[in-house]
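S.K.: Below: one structure in structure tokens.
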Amino acid sequence: MNVDFYTSTFCEPCMITRSVLAEAGRLVSAMQLVEHDIVRDESEAERLGIRSTPTVIISGADGTEVFRAEGIPSLNQVLVALAKAA
């Protein structure tokens, strides 16, 4: 289960999302989290249509996107998406 987290430096909702994803990672040890700064990873963010931060994309092992949240996802949303991605 891959979780890509698109963030920006001074984004307060990103800080909250980081906490949600940290808790999900504690509950689901197979979760692989990669944080992307949209300034450093601008071309990738543009290619994926990232228009705001935070944005969370959860993909299955085959790379298929199963969940996308623009804004702060709830812990339950993340856990359900991780179950779908498994």
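Letters for chains follow the order of the structure tokens (A, B, ...), residue numbers begin at 1 for each chain, and ligand numbers begin at 1 in the order shown.
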Residues of region 50-71 of chain A that approach region 5-16 of chain A to 10 Å or less, counting only C-alpha atoms: could you list each one with the shortest pair of atoms and its distance in Å to one decimal, rows by chain and increasing residue number, as a Markdown table?
M.R.:
| residue | atom | partner | partner_atom | distance |
| --- | --- | --- | --- | --- |
| A:Ile50 | CA | A:Tyr6 | CA | 7.7 |
| A:Arg51 | CA | A:Tyr6 | CA | 9.8 |
| A:Ser52 | CA | A:Thr7 | CA | 8.4 |
| A:Thr53 | CA | A:Thr7 | CA | 5.2 |
| A:Pro54 | CA | A:Thr7 | CA | 5.1 |
| A:Thr55 | CA | A:Tyr6 | CA | 5.1 |
| A:Val56 | CA | A:Phe5 | CA | 4.6 |
| A:Ile57 | CA | A:Phe5 | CA | 6.6 |
| A:Ile58 | CA | A:Phe5 | CA | 8.7 |
| A:Arg68 | CA | A:Phe5 | CA | 9.9 |
| A:Ala69 | CA | A:Phe5 | CA | 9.6 |
| A:Glu70 | CA | A:Tyr6 | CA | 9.4 |
| A:Gly71 | CA | A:Pro13 | CA | 7.0 |
S.K.: Write the residues you've just listed into a file as a short mmCIF file (atom, residue, chain, number, x, y, z; two decimals), in the first residue's frame, and include N, CA and C atoms for each of them.
M.R.:
data_model
loop_
_atom_site.label_atom_id
_atom_site.label_comp_id
_atom_site.auth_asym_id
_atom_site.auth_seq_id
_atom_site.Cartn_x
_atom_site.Cartn_y
_atom_site.Cartn_z
N ILE A 50 -2.17 17.67 -9.16
CA ILE A 50 -2.26 18.16 -7.79
C ILE A 50 -2.50 19.66 -7.85
N ARG A 51 -3.64 20.11 -7.34
CA ARG A 51 -4.00 21.52 -7.42
C ARG A 51 -3.99 22.22 -6.08
N SER A 52 -3.94 21.45 -5.00
CA SER A 52 -3.95 22.05 -3.68
C SER A 52 -3.24 21.13 -2.70
N THR A 53 -2.84 21.72 -1.58
CA THR A 53 -2.24 20.92 -0.52
C THR A 53 -3.10 21.07 0.72
N PRO A 54 -3.21 20.01 1.49
CA PRO A 54 -2.63 18.69 1.26
C PRO A 54 -3.45 17.89 0.25
N THR A 55 -2.76 17.01 -0.45
CA THR A 55 -3.41 16.00 -1.28
C THR A 55 -2.78 14.66 -0.93
N VAL A 56 -3.62 13.68 -0.71
CA VAL A 56 -3.18 12.32 -0.38
C VAL A 56 -3.69 11.39 -1.46
N ILE A 57 -2.78 10.58 -2.00
CA ILE A 57 -3.14 9.56 -2.99
C ILE A 57 -2.71 8.21 -2.46
N ILE A 58 -3.65 7.27 -2.41
CA ILE A 58 -3.35 5.92 -1.96
C ILE A 58 -3.51 4.98 -3.15
N ARG A 68 -8.15 9.39 -3.37
CA ARG A 68 -7.49 10.70 -3.47
C ARG A 68 -8.28 11.66 -2.59
N ALA A 69 -7.57 12.37 -1.73
CA ALA A 69 -8.20 13.37 -0.88
C ALA A 69 -7.48 14.69 -1.08
N GLU A 70 -8.22 15.72 -1.41
CA GLU A 70 -7.71 17.08 -1.42
C GLU A 70 -8.25 17.72 -0.16
N GLY A 71 -7.36 18.06 0.74
CA GLY A 71 -7.76 18.53 2.06
C GLY A 71 -7.42 17.46 3.08
#
S.K.: Excluding Val28 (chain A) and its own-chain neighbours fewer than 4 positions away, which residues fall within 12 Å of it when counting only C-alpha atoms? Please give them as a list in words.
M.R.: Met1, Asn2, Val3, Leu21, Ala22, Glu23, Ala24, Gln32, Leu33, Leu75, Val78, Leu79, Val80, Ala81, Leu82, Ala83, Ala85 and Ala86 of chain A
S.K.: Taking the backbone alone, and naming residues the way the document does, which bits of chain A are alpha helix (DSSP H) by DSSP, as a ChimeraX atom specification?
M.R.: /A:12-27,42-47,75-85
S.K.: Using only C-alpha atoms, find each residue in region 34-86 of chain A having at least one atom no more than 7 Å away from region 17-20 of chain A; report its shortest atom-to-atom pair and that distance in Å (one decimal), rows by chain then rising number, as CSV.
M.R.:
residue,atom,partner,partner_atom,distance
A:Ile72,CA,A:Thr17,CA,5.4
A:Pro73,CA,A:Thr17,CA,6.8
A:Ser74,CA,A:Val20,CA,7.0
A:Leu75,CA,A:Val20,CA,5.7
S.K.: To one decimal place in Å, what is the distance between CA of Val66 (chain A) and CA of Asp4 (chain A)?
M.R.: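 Interatomic distance here is 11.8 Å.
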S.K.: Running DSSP on the backbone, which parts of chain A land in strand (DSSP E), as a VMD selection string?
M.R.: chain A and resid 2 to 7 32 to 37 55 to 59 65 to 70
S.K.: For the atom pair CA of Arg26 (chain A) and CA of Glu65 (chain A), what is the interatomic distance in Å to one decimal place?
M.R.: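 Pair CA of Arg26 (chain A) / CA of Glu65 (chain A) returns 21.8 Å.
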S.K.: Please, what distance in Å, to one decimal, runs between CA of Asp41 (chain A) and CA of Lys84 (chain A)?
M.R.: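 Interatomic distance, CA of Asp41 (chain A) to CA of Lys84 (chain A): 26.8 Å.
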